[in-house]
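Enquirer: So here's run_7.pdb, just PDB, C-alpha atoms:
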```pdb
ATOM      1  CA  MET A 917      -8.140   2.218 -32.733  1.00  0.00           C
ATOM      2  CA  TYR A 918      -8.558   3.721 -36.172  1.00  0.00           C
ATOM      3  CA  THR A 919      -6.694   2.861 -39.375  1.00  0.00           C
ATOM      4  CA  GLU A 920      -4.137   5.396 -40.622  1.00  0.00           C
ATOM      5  CA  SER A 921      -6.507   6.734 -43.293  1.00  0.00           C
ATOM      6  CA  GLU A 922      -9.387   7.017 -40.804  1.00  0.00           C
ATOM      7  CA  GLN A 923      -7.120   8.653 -38.234  1.00  0.00           C
ATOM      8  CA  SER A 924      -6.330  11.675 -40.403  1.00  0.00           C
ATOM      9  CA  ASN A 925     -10.055  12.522 -40.474  1.00  0.00           C
ATOM     10  CA  GLN A 926     -10.458  12.412 -36.698  1.00  0.00           C
ATOM     11  CA  PRO A 927     -10.640  15.622 -34.632  1.00  0.00           C
ATOM     12  CA  VAL A 928      -7.594  16.838 -32.706  1.00  0.00           C
ATOM     13  CA  MET A 929      -7.794  16.030 -28.975  1.00  0.00           C
ATOM     14  CA  ILE A 930      -4.439  17.446 -27.807  1.00  0.00           C
ATOM     15  CA  GLU A 931      -2.675  20.327 -29.543  1.00  0.00           C
ATOM     16  CA  ALA A 932       0.664  21.688 -28.304  1.00  0.00           C
ATOM     17  CA  LYS A 933       1.769  24.909 -30.033  1.00  0.00           C
ATOM     18  CA  ASN A 934       5.272  26.319 -29.574  1.00  0.00           C
ATOM     19  CA  VAL A 935       5.398  25.280 -25.913  1.00  0.00           C
ATOM     20  CA  THR A 936       8.285  26.631 -23.863  1.00  0.00           C
ATOM     21  CA  MET A 937       8.715  26.005 -20.134  1.00  0.00           C
ATOM     22  CA  ARG A 938      11.324  28.199 -18.468  1.00  0.00           C
ATOM     23  CA  TYR A 939      12.341  27.892 -14.826  1.00  0.00           C
ATOM     24  CA  ARG A 940      14.014  30.673 -12.869  1.00  0.00           C
ATOM     25  CA  MET A 941      16.509  29.574 -10.230  1.00  0.00           C
ATOM     26  CA  ALA A 942      18.326  31.734  -7.692  1.00  0.00           C
ATOM     27  CA  ASN A 943      22.068  31.713  -8.329  1.00  0.00           C
ATOM     28  CA  ASP A 944      22.985  32.698  -4.761  1.00  0.00           C
ATOM     29  CA  LYS A 945      23.212  30.395  -1.765  1.00  0.00           C
ATOM     30  CA  ILE A 946      20.660  31.774   0.707  1.00  0.00           C
ATOM     31  CA  ASN A 947      20.612  30.283   4.217  1.00  0.00           C
ATOM     32  CA  SER A 948      17.552  31.917   5.747  1.00  0.00           C
ATOM     33  CA  LEU A 949      14.280  33.652   4.950  1.00  0.00           C
ATOM     34  CA  LYS A 950      15.652  36.869   6.464  1.00  0.00           C
ATOM     35  CA  GLU A 951      18.651  36.785   4.138  1.00  0.00           C
ATOM     36  CA  PHE A 952      16.366  36.185   1.167  1.00  0.00           C
ATOM     37  CA  VAL A 953      14.091  39.124   2.069  1.00  0.00           C
ATOM     38  CA  VAL A 954      17.057  41.493   2.566  1.00  0.00           C
ATOM     39  CA  LYS A 955      18.644  40.514  -0.743  1.00  0.00           C
ATOM     40  CA  LYS A 956      15.274  40.694  -2.493  1.00  0.00           C
ATOM     41  CA  ILE A 957      14.663  44.248  -1.232  1.00  0.00           C
ATOM     42  CA  ARG A 958      18.171  45.295  -2.244  1.00  0.00           C
ATOM     43  CA  LYS A 959      17.705  43.567  -5.631  1.00  0.00           C
ATOM     44  CA  GLU A 960      20.873  41.578  -5.022  1.00  0.00           C
ATOM     45  CA  ILE A 961      19.471  38.160  -5.988  1.00  0.00           C
ATOM     46  CA  LYS A 962      20.868  36.824  -9.240  1.00  0.00           C
ATOM     47  CA  TYR A 963      18.980  34.249 -11.262  1.00  0.00           C
ATOM     48  CA  ASN A 964      19.795  31.535 -13.745  1.00  0.00           C
ATOM     49  CA  TYR A 965      17.212  30.425 -16.304  1.00  0.00           C
ATOM     50  CA  PHE A 966      16.645  26.885 -17.485  1.00  0.00           C
ATOM     51  CA  ASP A 967      14.376  25.872 -20.365  1.00  0.00           C
ATOM     52  CA  ALA A 968      12.871  22.446 -19.717  1.00  0.00           C
ATOM     53  CA  LEU A 969      11.002  22.747 -23.047  1.00  0.00           C
ATOM     54  CA  THR A 970      11.717  24.949 -26.049  1.00  0.00           C
ATOM     55  CA  ASN A 971       9.200  25.605 -28.825  1.00  0.00           C
ATOM     56  CA  VAL A 972       7.580  22.141 -28.795  1.00  0.00           C
ATOM     57  CA  SER A 973       4.620  21.517 -31.127  1.00  0.00           C
ATOM     58  CA  PHE A 974       2.643  18.357 -31.893  1.00  0.00           C
ATOM     59  CA  GLU A 975      -0.942  17.056 -31.988  1.00  0.00           C
ATOM     60  CA  VAL A 976      -2.812  13.915 -30.980  1.00  0.00           C
ATOM     61  CA  ARG A 977      -6.048  12.943 -32.753  1.00  0.00           C
ATOM     62  CA  LYS A 978      -9.117  11.139 -31.420  1.00  0.00           C
ATOM     63  CA  GLY A 979      -8.523   7.422 -30.836  1.00  0.00           C
ATOM     64  CA  GLU A 980      -4.805   7.741 -31.542  1.00  0.00           C
ATOM     65  CA  VAL A 981      -2.070   6.277 -29.357  1.00  0.00           C
ATOM     66  CA  VAL A 982       0.970   8.558 -29.511  1.00  0.00           C
ATOM     67  CA  GLY A 983       4.258   7.600 -27.896  1.00  0.00           C
ATOM     68  CA  LEU A 984       6.589  10.006 -26.121  1.00  0.00           C
ATOM     69  CA  ILE A 985      10.261   9.063 -25.876  1.00  0.00           C
ATOM     70  CA  GLY A 986      13.522  10.686 -24.839  1.00  0.00           C
ATOM     71  CA  ARG A 987      16.380  10.327 -22.394  1.00  0.00           C
ATOM     72  CA  ASN A 988      16.040  11.334 -18.741  1.00  0.00           C
ATOM     73  CA  GLY A 989      15.741  15.115 -18.534  1.00  0.00           C
ATOM     74  CA  ALA A 990      14.398  15.432 -22.081  1.00  0.00           C
ATOM     75  CA  GLY A 991      11.226  17.198 -20.879  1.00  0.00           C
ATOM     76  CA  LYS A 992       8.746  14.315 -21.061  1.00  0.00           C
ATOM     77  CA  SER A 993       7.313  14.729 -17.571  1.00  0.00           C
ATOM     78  CA  THR A 994       7.122  18.497 -18.019  1.00  0.00           C
ATOM     79  CA  ILE A 995       5.012  18.318 -21.193  1.00  0.00           C
ATOM     80  CA  LEU A 996       2.745  15.712 -19.571  1.00  0.00           C
ATOM     81  CA  LYS A 997       2.151  17.988 -16.575  1.00  0.00           C
ATOM     82  CA  ILE A 998       1.362  20.913 -18.881  1.00  0.00           C
ATOM     83  CA  ILE A 999      -1.132  18.842 -20.875  1.00  0.00           C
ATOM     84  CA  SER A1000      -2.677  17.606 -17.597  1.00  0.00           C
ATOM     85  CA  GLY A1001      -3.105  21.197 -16.388  1.00  0.00           C
ATOM     86  CA  ILE A1002      -0.652  20.839 -13.497  1.00  0.00           C
ATOM     87  CA  LEU A1003       1.792  23.348 -15.006  1.00  0.00           C
ATOM     88  CA  LYS A1004       1.254  26.414 -17.187  1.00  0.00           C
ATOM     89  CA  PRO A1005       3.785  26.963 -19.997  1.00  0.00           C
ATOM     90  CA  THR A1006       5.962  30.076 -20.016  1.00  0.00           C
ATOM     91  CA  GLU A1007       5.258  30.536 -23.719  1.00  0.00           C
ATOM     92  CA  GLY A1008       2.997  28.848 -26.251  1.00  0.00           C
ATOM     93  CA  SER A1009      -0.205  26.964 -25.524  1.00  0.00           C
ATOM     94  CA  VAL A1010      -1.726  23.532 -25.074  1.00  0.00           C
ATOM     95  CA  SER A1011      -5.365  22.886 -26.012  1.00  0.00           C
ATOM     96  CA  VAL A1012      -7.082  19.748 -24.714  1.00  0.00           C
ATOM     97  CA  TYR A1013     -10.509  18.737 -26.038  1.00  0.00           C
ATOM     98  CA  GLY A1014     -12.005  16.172 -23.664  1.00  0.00           C
ATOM     99  CA  ASN A1015     -11.754  14.898 -20.097  1.00  0.00           C
ATOM    100  CA  VAL A1016      -8.233  13.824 -19.131  1.00  0.00           C
ATOM    101  CA  ALA A1017      -7.160  10.997 -16.809  1.00  0.00           C
ATOM    102  CA  PRO A1018      -3.473  11.585 -16.078  1.00  0.00           C
ATOM    103  CA  MET A1019      -1.615   8.577 -14.681  1.00  0.00           C
ATOM    104  CA  LEU A1020       1.434  10.462 -13.430  1.00  0.00           C
ATOM    105  CA  GLU A1021       3.293   9.691 -10.205  1.00  0.00           C
ATOM    106  CA  LEU A1022       0.837   6.970  -9.202  1.00  0.00           C
ATOM    107  CA  GLY A1023      -0.332   7.354  -5.619  1.00  0.00           C
ATOM    108  CA  SER A1024       0.668  11.012  -5.263  1.00  0.00           C
ATOM    109  CA  GLY A1025      -2.884  11.794  -4.076  1.00  0.00           C
ATOM    110  CA  PHE A1026      -2.850   9.206  -1.283  1.00  0.00           C
ATOM    111  CA  ASP A1027      -2.811   9.814   2.482  1.00  0.00           C
ATOM    112  CA  MET A1028      -0.331   7.359   4.005  1.00  0.00           C
ATOM    113  CA  ASP A1029      -2.106   7.383   7.374  1.00  0.00           C
ATOM    114  CA  MET A1030      -5.399   6.246   5.824  1.00  0.00           C
ATOM    115  CA  ASN A1031      -6.110   2.669   4.845  1.00  0.00           C
ATOM    116  CA  GLY A1032      -6.658   1.374   1.316  1.00  0.00           C
ATOM    117  CA  HIS A1033     -10.453   1.580   1.582  1.00  0.00           C
ATOM    118  CA  GLU A1034     -10.347   5.248   2.607  1.00  0.00           C
ATOM    119  CA  ASN A1035      -7.776   6.105  -0.043  1.00  0.00           C
ATOM    120  CA  ILE A1036      -9.960   4.704  -2.816  1.00  0.00           C
ATOM    121  CA  PHE A1037     -12.522   7.381  -2.027  1.00  0.00           C
ATOM    122  CA  LEU A1038      -9.909  10.090  -1.393  1.00  0.00           C
ATOM    123  CA  ASN A1039      -7.930   9.456  -4.565  1.00  0.00           C
ATOM    124  CA  GLY A1040     -11.068   8.830  -6.587  1.00  0.00           C
ATOM    125  CA  ALA A1041     -12.476  12.200  -5.501  1.00  0.00           C
ATOM    126  CA  ILE A1042      -9.223  13.909  -6.559  1.00  0.00           C
ATOM    127  CA  LEU A1043      -9.633  12.281  -9.983  1.00  0.00           C
ATOM    128  CA  GLY A1044     -13.192  13.611 -10.181  1.00  0.00           C
ATOM    129  CA  TYR A1045     -15.181  10.434  -9.461  1.00  0.00           C
ATOM    130  CA  SER A1046     -18.369  10.717  -7.406  1.00  0.00           C
ATOM    131  CA  GLU A1047     -18.836   8.770  -4.160  1.00  0.00           C
ATOM    132  CA  ASP A1048     -21.724   6.790  -5.639  1.00  0.00           C
ATOM    133  CA  PHE A1049     -19.614   5.855  -8.663  1.00  0.00           C
ATOM    134  CA  LEU A1050     -16.717   4.732  -6.453  1.00  0.00           C
ATOM    135  CA  LYS A1051     -19.090   2.640  -4.321  1.00  0.00           C
ATOM    136  CA  SER A1052     -20.387   0.923  -7.466  1.00  0.00           C
ATOM    137  CA  LYS A1053     -16.820   0.209  -8.636  1.00  0.00           C
ATOM    138  CA  TYR A1054     -15.281  -0.520  -5.231  1.00  0.00           C
ATOM    139  CA  ASP A1055     -15.154  -4.323  -5.517  1.00  0.00           C
ATOM    140  CA  GLU A1056     -13.762  -4.083  -9.046  1.00  0.00           C
ATOM    141  CA  ILE A1057     -10.986  -1.730  -7.885  1.00  0.00           C
ATOM    142  CA  VAL A1058     -10.011  -3.955  -4.946  1.00  0.00           C
ATOM    143  CA  ASP A1059     -10.106  -7.149  -7.011  1.00  0.00           C
ATOM    144  CA  PHE A1060      -7.979  -5.690  -9.797  1.00  0.00           C
ATOM    145  CA  SER A1061      -5.400  -4.252  -7.375  1.00  0.00           C
ATOM    146  CA  GLU A1062      -4.902  -7.651  -5.692  1.00  0.00           C
ATOM    147  CA  ILE A1063      -4.558  -5.875  -2.334  1.00  0.00           C
ATOM    148  CA  GLY A1064      -6.818  -8.405  -0.624  1.00  0.00           C
ATOM    149  CA  GLN A1065      -6.958  -8.236   3.180  1.00  0.00           C
ATOM    150  CA  PHE A1066      -4.539  -5.283   3.210  1.00  0.00           C
ATOM    151  CA  ILE A1067      -7.340  -2.985   2.020  1.00  0.00           C
ATOM    152  CA  ASP A1068      -8.041  -2.149   5.690  1.00  0.00           C
ATOM    153  CA  VAL A1069      -4.366  -1.550   6.551  1.00  0.00           C
ATOM    154  CA  PRO A1070      -2.832   1.992   6.564  1.00  0.00           C
ATOM    155  CA  LEU A1071      -0.858   2.732   3.403  1.00  0.00           C
ATOM    156  CA  ARG A1072       2.305   3.436   5.398  1.00  0.00           C
ATOM    157  CA  ASN A1073       2.524  -0.354   5.766  1.00  0.00           C
ATOM    158  CA  TYR A1074       2.192  -0.988   2.005  1.00  0.00           C
ATOM    159  CA  SER A1075       5.109  -1.695  -0.305  1.00  0.00           C
ATOM    160  CA  SER A1076       5.641   0.766  -3.170  1.00  0.00           C
ATOM    161  CA  GLY A1077       4.329  -1.880  -5.560  1.00  0.00           C
ATOM    162  CA  MET A1078       1.081  -2.282  -3.602  1.00  0.00           C
ATOM    163  CA  ILE A1079       0.531   1.487  -3.595  1.00  0.00           C
ATOM    164  CA  ALA A1080       1.135   1.682  -7.336  1.00  0.00           C
ATOM    165  CA  ARG A1081      -1.240  -1.244  -8.016  1.00  0.00           C
ATOM    166  CA  LEU A1082      -4.023   0.400  -6.025  1.00  0.00           C
ATOM    167  CA  ALA A1083      -3.450   3.752  -7.742  1.00  0.00           C
ATOM    168  CA  PHE A1084      -3.484   2.140 -11.207  1.00  0.00           C
ATOM    169  CA  SER A1085      -6.717   0.296 -10.389  1.00  0.00           C
ATOM    170  CA  ILE A1086      -8.439   3.535  -9.333  1.00  0.00           C
ATOM    171  CA  ALA A1087      -7.131   5.565 -12.288  1.00  0.00           C
ATOM    172  CA  THR A1088      -8.298   3.063 -14.916  1.00  0.00           C
ATOM    173  CA  VAL A1089     -11.721   2.199 -13.511  1.00  0.00           C
ATOM    174  CA  ILE A1090     -13.404   4.520 -16.029  1.00  0.00           C
ATOM    175  CA  LYS A1091     -12.908   5.021 -19.767  1.00  0.00           C
ATOM    176  CA  PRO A1092     -11.649   8.589 -20.153  1.00  0.00           C
ATOM    177  CA  GLU A1093     -11.619  10.480 -23.451  1.00  0.00           C
ATOM    178  CA  ILE A1094      -7.896  11.186 -23.025  1.00  0.00           C
ATOM    179  CA  LEU A1095      -5.464   9.031 -21.072  1.00  0.00           C
ATOM    180  CA  ILE A1096      -1.952  10.238 -20.214  1.00  0.00           C
ATOM    181  CA  VAL A1097       0.303   7.385 -19.161  1.00  0.00           C
ATOM    182  CA  ASP A1098       3.795   7.784 -17.694  1.00  0.00           C
ATOM    183  CA  GLU A1099       5.687   4.504 -17.227  1.00  0.00           C
ATOM    184  CA  VAL A1100       2.822   2.843 -15.343  1.00  0.00           C
ATOM    185  CA  LEU A1101       3.091  -0.502 -17.121  1.00  0.00           C
ATOM    186  CA  SER A1102       6.133  -1.294 -14.962  1.00  0.00           C
ATOM    187  CA  VAL A1103       3.854  -1.510 -11.894  1.00  0.00           C
ATOM    188  CA  GLY A1104       4.087  -4.650  -9.761  1.00  0.00           C
ATOM    189  CA  ASP A1105       5.300  -8.119 -10.781  1.00  0.00           C
ATOM    190  CA  ILE A1106       5.325  -9.592 -14.300  1.00  0.00           C
ATOM    191  CA  GLU A1107       1.827 -11.036 -13.946  1.00  0.00           C
ATOM    192  CA  PHE A1108       0.349  -7.710 -12.816  1.00  0.00           C
ATOM    193  CA  GLN A1109       2.258  -5.864 -15.561  1.00  0.00           C
ATOM    194  CA  GLN A1110       0.566  -8.093 -18.126  1.00  0.00           C
ATOM    195  CA  LYS A1111      -2.816  -7.447 -16.529  1.00  0.00           C
ATOM    196  CA  SER A1112      -2.106  -3.690 -16.598  1.00  0.00           C
ATOM    197  CA  PHE A1113      -1.113  -3.943 -20.246  1.00  0.00           C
ATOM    198  CA  ASN A1114      -4.363  -5.755 -21.065  1.00  0.00           C
ATOM    199  CA  ARG A1115      -6.391  -3.066 -19.251  1.00  0.00           C
ATOM    200  CA  MET A1116      -4.569  -0.389 -21.272  1.00  0.00           C
ATOM    201  CA  MET A1117      -5.317  -2.223 -24.522  1.00  0.00           C
ATOM    202  CA  GLU A1118      -9.018  -2.405 -23.592  1.00  0.00           C
ATOM    203  CA  LEU A1119      -9.107   1.368 -23.102  1.00  0.00           C
ATOM    204  CA  MET A1120      -7.297   1.975 -26.373  1.00  0.00           C
ATOM    205  CA  SER A1121      -9.515  -0.370 -28.372  1.00  0.00           C
ATOM    206  CA  GLY A1122     -12.535   1.475 -26.987  1.00  0.00           C
ATOM    207  CA  GLY A1123     -11.515   4.718 -28.697  1.00  0.00           C
ATOM    208  CA  THR A1124      -9.686   6.409 -25.819  1.00  0.00           C
ATOM    209  CA  THR A1125      -7.002   8.834 -26.999  1.00  0.00           C
ATOM    210  CA  VAL A1126      -3.663   8.010 -25.380  1.00  0.00           C
ATOM    211  CA  LEU A1127      -0.355   9.801 -24.871  1.00  0.00           C
ATOM    212  CA  PHE A1128       2.013   7.073 -23.728  1.00  0.00           C
ATOM    213  CA  VAL A1129       5.489   7.512 -22.206  1.00  0.00           C
ATOM    214  CA  SER A1130       7.887   4.613 -21.837  1.00  0.00           C
ATOM    215  CA  HIS A1131      11.620   3.864 -21.887  1.00  0.00           C
ATOM    216  CA  ASP A1132      10.694   0.468 -23.342  1.00  0.00           C
ATOM    217  CA  ILE A1133      10.979   1.115 -27.085  1.00  0.00           C
ATOM    218  CA  GLU A1134       9.411  -2.245 -27.927  1.00  0.00           C
ATOM    219  CA  GLN A1135       6.285  -1.238 -25.989  1.00  0.00           C
ATOM    220  CA  ILE A1136       6.202   2.026 -27.933  1.00  0.00           C
ATOM    221  CA  ARG A1137       6.520   0.173 -31.253  1.00  0.00           C
ATOM    222  CA  LYS A1138       3.764  -2.273 -30.281  1.00  0.00           C
ATOM    223  CA  MET A1139       1.236   0.250 -28.971  1.00  0.00           C
ATOM    224  CA  CYS A1140       1.735   3.575 -30.780  1.00  0.00           C
ATOM    225  CA  SER A1141       0.910   4.767 -34.297  1.00  0.00           C
ATOM    226  CA  ARG A1142       2.982   7.960 -34.064  1.00  0.00           C
ATOM    227  CA  THR A1143       5.725   9.012 -31.666  1.00  0.00           C
ATOM    228  CA  VAL A1144       7.167  12.259 -30.299  1.00  0.00           C
ATOM    229  CA  TRP A1145      10.915  12.298 -29.609  1.00  0.00           C
ATOM    230  CA  LEU A1146      12.073  14.982 -27.172  1.00  0.00           C
ATOM    231  CA  ASP A1147      15.780  15.747 -26.821  1.00  0.00           C
ATOM    232  CA  HIS A1148      17.013  18.266 -24.222  1.00  0.00           C
ATOM    233  CA  GLY A1149      13.611  19.950 -24.198  1.00  0.00           C
ATOM    234  CA  ARG A1150      13.310  20.253 -27.983  1.00  0.00           C
ATOM    235  CA  LEU A1151      11.233  18.307 -30.486  1.00  0.00           C
ATOM    236  CA  ARG A1152      13.743  16.106 -32.283  1.00  0.00           C
ATOM    237  CA  LEU A1153      11.274  14.148 -34.410  1.00  0.00           C
ATOM    238  CA  PHE A1154       7.523  13.488 -34.660  1.00  0.00           C
ATOM    239  CA  GLY A1155       5.933  10.994 -37.002  1.00  0.00           C
ATOM    240  CA  ASN A1156       5.620   7.283 -37.815  1.00  0.00           C
ATOM    241  CA  THR A1157       6.583   5.259 -34.742  1.00  0.00           C
ATOM    242  CA  ASP A1158       8.965   2.833 -36.456  1.00  0.00           C
ATOM    243  CA  GLU A1159      10.806   5.664 -38.196  1.00  0.00           C
ATOM    244  CA  VAL A1160      11.129   7.706 -35.005  1.00  0.00           C
ATOM    245  CA  CYS A1161      12.185   4.712 -32.897  1.00  0.00           C
ATOM    246  CA  ASP A1162      14.743   3.602 -35.518  1.00  0.00           C
ATOM    247  CA  ALA A1163      16.311   7.072 -35.470  1.00  0.00           C
ATOM    248  CA  TYR A1164      16.238   7.172 -31.652  1.00  0.00           C
ATOM    249  CA  GLU A1165      17.953   3.782 -31.308  1.00  0.00           C
ATOM    250  CA  GLN A1166      20.693   4.792 -33.749  1.00  0.00           C
ATOM    251  CA  MET A1167      21.749   7.657 -31.465  1.00  0.00           C
TER     252      MET A1167
END
```
Translate this file's structure into structure tokens.

Expert:
Amino acid sequence: MYTESEQSNQPVMIEAKNVTMRYRMANDKINSLKEFVVKKIRKEIKYNYFDALTNVSFEVRKGEVVGLIGRNGAGKSTILKIISGILKPTEGSVSVYGNVAPMLELGSGFDMDMNGHENIFLNGAILGYSEDFLKSKYDEIVDFSEIGQFIDVPLRNYSSGMIARLAFSIATVIKPEILIVDEVLSVGDIEFQQKSFNRMMELMSGGTTVLFVSHDIEQIRKMCSRTVWLDHGRLRLFGNTDEVCDAYEQM
């Protein structure tokens, strides 16, 4: 990681400009597809609009670790999905300069009927890893996940913690330019959480740019140089981590 003076000279890796995400929701209770089609043709459907994000702007520079905090429903997951390319904002723009490894909803790319071995290659392919690369890293992934003999067992027989450990091991096997992390350091037991934390620190010390979400304010203080505070979809504060966290905890 860079010093504060060095950081200001680093190029921008993530730039969010006036991002608004608006959802349209039908206000009527519709019980069937036929009813929906009829009301749609007659223009009888009424909609409510909900802004998950409103005019949010911030930047993350190369090698920086930026925290993202806020209560449930503040818009954290929405902005992460926009930055990851999963969602497109209603208004504004997000520019990302580098390859992104999003660690969101760990295990969402798994097939529960396949075993752990098969899912390493399935999930790895979804993340953009080649088969040869995954073969070269296979033992490392299995060892880190601590799945052991269960690697040949279908995932439907795994606990949620085992699934999350395997997903974390696959997602962090490379050193991406940009890492987006959503509450993954709560994966598994205390010992595995510490191992996950150490893996994250290795990535960060290697110059990876990180956007890190956590409800654990002490983790944010320890790991992040600057922090974004979202409140009901709006940017409440962005700046020095201690200053932002102090203000957040006084709420």

Enquirer: Leaving out Met1030 (chain A) and any residue of its chain fewer than 4 positions from it, which residues lie within 12 Å of it when counting all atoms listed in the file, given as a VMD selection string?

Expert: chain A and resid 1025 to 1026 1034 to 1039 1066 to 1074

Enquirer: Rounded to one decimal, what separation in Å do you get between CA of Cys1140 (chain A) and CA of Val972 (chain A)?

Expert: 19.6 Å

Enquirer: Could you list the residues chosen by the PyMOL selection byres ((chain A and resi 1083-1086) around 9) in this structure as a PyMOL selection string?

Expert: chain A and resi 1019+1022-1026+1036+1039-1040+1043+1050+1054+1056-1061+1078-1082+1087-1090+1100+1103+1112

Enquirer: To verify the selection step, state as a PyMOL selection string which residues the PyMOL selection byres ((chain A and resi 1015) around 6) yields on this input.

Expert: chain A and resi 1014+1016+1093

Enquirer: Which one is closest to Val1126 (chain A): A:Gly979, A:Gly1077, A:Gly991, A:Gly986? Count all atoms listed in the file.

Expert: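 Ranking A:Gly979, A:Gly1077, A:Gly991, A:Gly986 by distance to Val1126 (chain A), first place goes to A:Gly979.
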
Enquirer: With distances taken over all atoms listed in the file, which residue among A:Thr1157, A:Thr994, A:Ser1046, A:Thr1124 lies nearest Thr1006 (chain A)?

Expert: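 Ranked by minimum distance to Thr1006 (chain A), first place goes to A:Thr994.
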
Enquirer: Could you tell me which residues the PyMOL selection byres ((chain A and resi 996) around 9) returns for this structure, as a list of chain:residue names?

Expert: A:Gly991, A:Lys992, A:Ser993, A:Thr994, A:Ile995, A:Lys997, A:Ile998, A:Ile999, A:Ser1000, A:Gly1001, A:Ile1002, A:Leu1003, A:Pro1018, A:Leu1020, A:Ile1096, A:Val1097, A:Asp1098, A:Leu1127

Enquirer: Report, in Å to a single decimal, how far apart CA of Met929 (chain A) and CA of Val1010 (chain A) are.

Expert: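 If I compute the distance from CA of Val1010 (chain A) to CA of Met929 (chain A), I get 10.4 Å.
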
Enquirer: Expressed in Å to a single decimal, how great is the separation between CA of Lys1138 (chain A) and CA of Lys978 (chain A)?

Expert: 18.6 Å

Enquirer: Which residue is closest to Glu1107 (chain A)? Choose from A:Glu1062, A:Thr1125, A:Gly1008, A:Tyr1013 and count only C-alpha atoms.

Expert: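 Among the listed residues, A:Glu1062 lies closest to Glu1107 (chain A).
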
Enquirer: When you count only C-alpha atoms, which of these residues is closest to Thr936 (chain A): A:Cys1161, A:Val981, A:Ile957, A:Leu1151?

Expert: A:Leu1151

Enquirer: Padding 5 Å on every side, please: axis-aligned box over the listed atoms of region 1127-1145 of chain A, centre and edge lengths to one decimal in Å, as JSON.

Expert:
```
{"center_x": 5.6, "center_y": 5.0, "center_z": -28.1, "size_x": 22.0, "size_y": 24.6, "size_z": 22.5}
```

Enquirer: Considering all atoms listed in the file, state which residue in the set A:Arg940, A:Phe1128, A:Asp1158, A:Leu1153 is at the smallest distance from Ser973 (chain A).

Expert: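 Among the listed residues, A:Leu1153 lies closest to Ser973 (chain A).
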
Enquirer: From the set A:Ser1009, A:Asn988, A:Gln1135, A:Asn1114, which residue has the shortest atom-to-atom contact distance to Glu931 (chain A), counting all atoms listed in the file?

Expert: A:Ser1009

Enquirer: Extract, using all atoms listed in the file, all DNA, RNA and protein residues at most 12 Å from Gly1155 (chain A), discarding same-chain residues fewer than 3 positions from it, and format them as a ChimeraX atom specification.

Expert: /A:974-976,982-984,1140-1145,1151-1152,1158-1163

Enquirer: Write the residues of the selection above to a file with C-alpha atoms, as a CSV table (one decimal), in the coordinates of the input.

Expert:
```csv
chain,number,residue,atom,x,y,z
A,974,PHE,CA,2.6,18.4,-31.9
A,975,GLU,CA,-0.9,17.1,-32.0
A,976,VAL,CA,-2.8,13.9,-31.0
A,982,VAL,CA,1.0,8.6,-29.5
A,983,GLY,CA,4.3,7.6,-27.9
A,984,LEU,CA,6.6,10.0,-26.1
A,1140,CYS,CA,1.7,3.6,-30.8
A,1141,SER,CA,0.9,4.8,-34.3
A,1142,ARG,CA,3.0,8.0,-34.1
A,1143,THR,CA,5.7,9.0,-31.7
A,1144,VAL,CA,7.2,12.3,-30.3
A,1145,TRP,CA,10.9,12.3,-29.6
A,1151,LEU,CA,11.2,18.3,-30.5
A,1152,ARG,CA,13.7,16.1,-32.3
A,1158,ASP,CA,9.0,2.8,-36.5
A,1159,GLU,CA,10.8,5.7,-38.2
A,1160,VAL,CA,11.1,7.7,-35.0
A,1161,CYS,CA,12.2,4.7,-32.9
A,1162,ASP,CA,14.7,3.6,-35.5
A,1163,ALA,CA,16.3,7.1,-35.5
```

Enquirer: Give me region 1069-1093 of chain A from this structure - C-alpha atoms, as a PDB file, in the first residue's frame.

Expert:
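After the write, out.pdb holds the following:
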```pdb
ATOM      1  CA  VAL A1069     -19.028 -34.687  -2.534  1.00  0.00           C
ATOM      2  CA  PRO A1070     -21.937 -32.767  -4.192  1.00  0.00           C
ATOM      3  CA  LEU A1071     -22.288 -29.226  -2.860  1.00  0.00           C
ATOM      4  CA  ARG A1072     -25.874 -29.867  -1.758  1.00  0.00           C
ATOM      5  CA  ASN A1073     -24.296 -31.796   1.129  1.00  0.00           C
ATOM      6  CA  TYR A1074     -21.995 -28.905   2.131  1.00  0.00           C
ATOM      7  CA  SER A1075     -22.699 -26.505   4.974  1.00  0.00           C
ATOM      8  CA  SER A1076     -23.001 -22.816   4.048  1.00  0.00           C
ATOM      9  CA  GLY A1077     -19.606 -22.234   5.650  1.00  0.00           C
ATOM     10  CA  MET A1078     -17.939 -24.898   3.490  1.00  0.00           C
ATOM     11  CA  ILE A1079     -19.438 -23.385   0.334  1.00  0.00           C
ATOM     12  CA  ALA A1080     -18.246 -19.917   1.311  1.00  0.00           C
ATOM     13  CA  ARG A1081     -14.726 -21.195   2.107  1.00  0.00           C
ATOM     14  CA  LEU A1082     -14.444 -22.877  -1.286  1.00  0.00           C
ATOM     15  CA  ALA A1083     -15.755 -19.780  -3.075  1.00  0.00           C
ATOM     16  CA  PHE A1084     -13.315 -17.501  -1.215  1.00  0.00           C
ATOM     17  CA  SER A1085     -10.407 -19.810  -2.067  1.00  0.00           C
ATOM     18  CA  ILE A1086     -11.269 -19.722  -5.785  1.00  0.00           C
ATOM     19  CA  ALA A1087     -11.879 -15.956  -5.878  1.00  0.00           C
ATOM     20  CA  THR A1088      -8.551 -15.069  -4.243  1.00  0.00           C
ATOM     21  CA  VAL A1089      -6.269 -17.501  -6.062  1.00  0.00           C
ATOM     22  CA  ILE A1090      -5.044 -14.717  -8.366  1.00  0.00           C
ATOM     23  CA  LYS A1091      -3.929 -11.145  -7.686  1.00  0.00           C
ATOM     24  CA  PRO A1092      -6.466  -8.936  -9.461  1.00  0.00           C
ATOM     25  CA  GLU A1093      -5.915  -5.247 -10.199  1.00  0.00           C
TER      26      GLU A1093
END
```
